[in-house]
Amino acid sequence: MGIRLGVLISGGGTTLQNFLDEIEAGRLDAEVAVVISSSGKAYGLERARKHGVPTEVIRRKVFVGPEEYGVAIAEVLDRHEVELVTMAGFLRLWRIPERYQGRVLNIHPALIPAFCGQDMYGHRVHEAVVETGAKVSGCTVHFADNEYDTGPIIIQRTVPVYFEDGPDDVARRVFEQECIAYPEAIRLFAAGRLKIVGRRVEIRGEKAD
């Protein structure tokens, strides 16, 4: 059995579905141990249930602050013996307890440090990319810390942005790369090839051209 994943969602769960598809295809040696949602209405919960994955809903508004919220999330992760936490469209800030530091990944639909930070998520990112006339966008997989989109970067994949593009065009192109980048980051973590060095990530065994 592969690495046990905890997947945190807030919405449709398309990234979760990508994980499930990759696992079923034999391309990702992992098991989704639990899906935690910040919303009881998230369609990603239905995706999880269709695959027999346990689900939990933990609403932020129930807790006083992000520390208490983080404790509640960690308790569920502990119960399901999660080895790696993957944020997959999770829109709530939670304070990551010490025992999970360095074991939480996030994906952002742009090339950090561009188009990122609080309130910059989902379609808003692609709208901003088009509005500013950026010629390149992409996705970033990084270790999560206790701020928005500031953790050490693991993988980035790029896509072109054409003058004729609308936000939906960019979103579709970026998501195709997300479906490649996130499973690859999980595989690297599971293989013990990722080492955080300050604000950077060394990928062991990676050779420069």
# chains A, B, ... in the order shown; residues from 1 in each chain; ligands from 1
$ select_by_dssp --residues "segment 33-193 of chain A" --states "strand (DSSP E)" --output "JSON, numbers by chain"
{"A": [33, 34, 35, 36, 37, 55, 56, 57, 84, 85, 86, 87, 104, 105, 106, 107, 108, 136, 137, 138, 139, 140, 141, 142, 143, 153, 154, 155, 156, 157, 158, 159, 160]}
$ closest_atom_pairs --of "segment 66-125 of chain A" --to "segment 41-46 of chain A" --cutoff "12 Å" --atoms "only C-alpha atoms" --output "tab-separated table"
residue	atom	partner	partner_atom	distance
A:Ala88	CA	A:Gly44	CA	9.9
A:Gly89	CA	A:Gly44	CA	10.0
A:Phe90	CA	A:Ala42	CA	10.5
A:Leu91	CA	A:Ala42	CA	11.7
$ write_last_selection --atoms "C-alpha atoms" --output "PDB file, in the first residue's frame"
ATOM      1  CA  ALA A  88      -6.615  20.672  -3.014  1.00  0.00           C
ATOM      2  CA  GLY A  89      -8.589  23.870  -3.423  1.00  0.00           C
ATOM      3  CA  PHE A  90      -8.799  24.336   0.350  1.00  0.00           C
ATOM      4  CA  LEU A  91      -9.696  27.967   0.995  1.00  0.00           C
TER       5      LEU A  91
END
$ residues_around --residues "Gly52 of chain A" --least-positions-apart "6" --cutoff "12 Å" --atoms "only C-alpha atoms" --output "list in words"
Leu20, Glu31, Val32, Ala33, Val34, Val35, Leu45 and Glu46 of chain A
$ write_last_selection --atoms "N, CA and C atoms" --output "CSV table (one decimal), in the first residue's frame"
chain,number,residue,atom,x,y,z
A,20,LEU,N,-7.4,10.4,-7.4
A,20,LEU,CA,-8.1,9.1,-7.5
A,20,LEU,C,-7.9,8.4,-8.8
A,31,GLU,N,-2.8,6.1,-1.3
A,31,GLU,CA,-4.2,5.8,-0.9
A,31,GLU,C,-4.8,7.1,-0.2
A,32,VAL,N,-5.9,7.5,-0.7
A,32,VAL,CA,-6.6,8.6,0.0
A,32,VAL,C,-7.3,8.1,1.2
A,33,ALA,N,-6.7,8.4,2.4
A,33,ALA,CA,-7.2,7.9,3.6
A,33,ALA,C,-8.4,8.7,4.1
A,34,VAL,N,-8.5,10.0,3.9
A,34,VAL,CA,-9.6,10.8,4.3
A,34,VAL,C,-9.7,12.1,3.5
A,35,VAL,N,-10.9,12.5,3.3
A,35,VAL,CA,-11.1,13.8,2.7
A,35,VAL,C,-11.7,14.8,3.7
A,45,LEU,N,-16.9,16.1,-1.7
A,45,LEU,CA,-17.3,15.1,-0.8
A,45,LEU,C,-18.0,13.9,-1.5
A,46,GLU,N,-18.8,14.2,-2.5
A,46,GLU,CA,-19.5,13.2,-3.2
A,46,GLU,C,-18.5,12.4,-4.0
$ residues_around --residues "segment 134-149 of chain A" --least-positions-apart "2" --cutoff "9 Å" --atoms "only C-alpha atoms" --output "ChimeraX atom specification"
/A:87,93-96,101-114,116-118,126,128-132,151-163,170,173-175,177-178,181-182,185,196,201
$ write_last_selection --atoms "C-alpha atoms" --output "short mmCIF file (atom, residue, chain, number, x, y, z; two decimals), in the first residue's frame"
data_model
loop_
_atom_site.label_atom_id
_atom_site.label_comp_id
_atom_site.auth_asym_id
_atom_site.auth_seq_id
_atom_site.Cartn_x
_atom_site.Cartn_y
_atom_site.Cartn_z
CA MET A 87 -4.45 20.87 0.09
CA LEU A 93 -6.10 29.25 6.62
CA TRP A 94 -5.20 26.77 9.36
CA ARG A 95 -2.22 26.77 11.68
CA ILE A 96 -0.29 23.62 10.91
CA GLN A 101 5.21 20.77 9.51
CA GLY A 102 6.94 19.68 6.30
CA ARG A 103 4.15 17.20 5.58
CA VAL A 104 1.58 19.51 3.99
CA LEU A 105 1.54 20.32 0.27
CA ASN A 106 -0.49 22.90 -1.59
CA ILE A 107 -1.04 23.68 -5.25
CA HIS A 108 -1.60 27.18 -6.60
CA PRO A 109 -2.83 27.92 -10.15
CA ALA A 110 -0.10 30.44 -10.97
CA LEU A 111 3.66 30.81 -10.81
CA ILE A 112 4.37 31.88 -7.23
CA PRO A 113 5.32 34.57 -6.23
CA ALA A 114 3.11 36.05 -8.98
CA CYS A 116 -0.84 34.67 -5.17
CA GLY A 117 -1.69 35.51 -1.58
CA GLN A 118 -4.89 36.00 0.41
CA HIS A 126 -6.74 33.46 -14.16
CA ALA A 128 -5.77 38.62 -13.07
CA VAL A 129 -3.35 36.87 -15.42
CA VAL A 130 -5.41 37.86 -18.46
CA GLU A 131 -6.08 41.41 -17.23
CA THR A 132 -2.39 42.14 -16.67
CA GLY A 151 6.01 27.96 1.51
CA PRO A 152 9.06 26.45 -0.25
CA ILE A 153 8.43 25.64 -3.92
CA ILE A 154 8.72 22.03 -5.11
CA ILE A 155 7.54 22.03 -8.73
CA GLN A 156 6.41 24.65 -11.22
CA ARG A 157 5.01 23.97 -14.69
CA THR A 158 4.34 26.72 -17.22
CA VAL A 159 1.80 27.41 -19.95
CA PRO A 160 1.63 30.15 -22.59
CA VAL A 161 -1.01 32.86 -22.38
CA TYR A 162 -2.21 34.14 -25.74
CA PHE A 163 -3.76 37.52 -26.50
CA VAL A 170 -5.93 29.82 -19.13
CA ARG A 173 -4.42 24.91 -19.77
CA VAL A 174 -3.13 25.37 -16.22
CA PHE A 175 -5.25 22.55 -14.81
CA GLN A 177 -0.36 20.93 -15.85
CA GLU A 178 -1.66 20.68 -12.29
CA ALA A 181 2.68 18.39 -11.23
CA TYR A 182 0.78 17.44 -8.07
CA ALA A 185 5.31 16.10 -6.07
CA ILE A 196 13.69 21.80 2.63
CA VAL A 201 13.53 22.70 -1.82
#
$ closest_residue --among "A:Glu98, A:Val197, A:Gly2, A:Val85" --to "Ile23 of chain A" --atoms "only C-alpha atoms"
A:Gly2
$ select_by_dssp --residues "segment 13-108 of chain A" --states "alpha helix (DSSP H)" --output "PyMOL selection string"
chain A and resi 14-24+43-50+66-79
$ write_last_selection --atoms "C-alpha atoms" --output "CSV table (one decimal), in the first residue's frame"
chain,number,residue,atom,x,y,z
A,14,THR,CA,-11.3,18.2,-9.3
A,15,THR,CA,-7.8,17.8,-7.9
A,16,LEU,CA,-9.0,15.1,-5.6
A,17,GLN,CA,-10.5,13.3,-8.7
A,18,ASN,CA,-7.2,13.6,-10.4
A,19,PHE,CA,-5.5,11.8,-7.5
A,20,LEU,CA,-8.1,9.1,-7.5
A,21,ASP,CA,-7.8,8.6,-11.2
A,22,GLU,CA,-4.0,8.4,-11.0
A,23,ILE,CA,-4.2,5.9,-8.2
A,24,GLU,CA,-6.7,3.7,-10.0
A,43,TYR,CA,-19.1,18.4,-4.4
A,44,GLY,CA,-15.7,16.9,-3.7
A,45,LEU,CA,-17.3,15.1,-0.8
A,46,GLU,CA,-19.5,13.2,-3.2
A,47,ARG,CA,-16.5,12.3,-5.3
A,48,ALA,CA,-14.9,10.8,-2.3
A,49,ARG,CA,-17.9,8.8,-1.2
A,50,LYS,CA,-18.2,7.3,-4.7
A,66,PRO,CA,-6.8,29.2,13.0
A,67,GLU,CA,-4.9,27.5,15.8
A,68,GLU,CA,-8.0,25.7,17.1
A,69,TYR,CA,-9.1,24.9,13.6
A,70,GLY,CA,-5.7,23.4,12.9
A,71,VAL,CA,-5.9,21.2,16.0
A,72,ALA,CA,-9.3,19.9,14.9
A,73,ILE,CA,-8.0,19.1,11.4
A,74,ALA,CA,-4.9,17.4,12.8
A,75,GLU,CA,-7.0,15.2,15.1
A,76,VAL,CA,-8.8,13.8,12.1
A,77,LEU,CA,-5.6,13.3,10.1
A,78,ASP,CA,-4.1,11.5,13.1
A,79,ARG,CA,-7.1,9.2,13.4
$ atom_distance --atom1 "atom CA of Ser38 of chain A" --atom2 "atom CA of Ile9 of chain A"
6.7 Å
$ residues_around --residues "Gly40 of chain A" --least-positions-apart "4" --cutoff "9 Å" --atoms "only C-alpha atoms" --output "JSON, numbers by chain"
{"A": [10, 45, 56, 57, 58, 59]}
$ decode --residues "segment 167-183 of chain A" --atoms "C-alpha atoms" --output "PDB file, in the first residue's frame"
ATOM      1  CA  PRO A 167      -9.723  33.227 -18.058  1.00  0.00           C
ATOM      2  CA  ASP A 168     -11.375  29.900 -18.927  1.00  0.00           C
ATOM      3  CA  ASP A 169      -8.744  29.186 -21.579  1.00  0.00           C
ATOM      4  CA  VAL A 170      -5.927  29.821 -19.134  1.00  0.00           C
ATOM      5  CA  ALA A 171      -7.668  27.818 -16.414  1.00  0.00           C
ATOM      6  CA  ARG A 172      -8.047  24.788 -18.663  1.00  0.00           C
ATOM      7  CA  ARG A 173      -4.421  24.915 -19.773  1.00  0.00           C
ATOM      8  CA  VAL A 174      -3.131  25.372 -16.217  1.00  0.00           C
ATOM      9  CA  PHE A 175      -5.247  22.552 -14.812  1.00  0.00           C
ATOM     10  CA  GLU A 176      -3.762  20.139 -17.353  1.00  0.00           C
ATOM     11  CA  GLN A 177      -0.357  20.935 -15.853  1.00  0.00           C
ATOM     12  CA  GLU A 178      -1.663  20.684 -12.289  1.00  0.00           C
ATOM     13  CA  CYS A 179      -2.740  17.118 -13.054  1.00  0.00           C
ATOM     14  CA  ILE A 180       0.892  16.318 -13.856  1.00  0.00           C
ATOM     15  CA  ALA A 181       2.681  18.395 -11.229  1.00  0.00           C
ATOM     16  CA  TYR A 182       0.785  17.439  -8.071  1.00  0.00           C
ATOM     17  CA  PRO A 183       1.074  13.646  -8.424  1.00  0.00           C
TER      18      PRO A 183
END
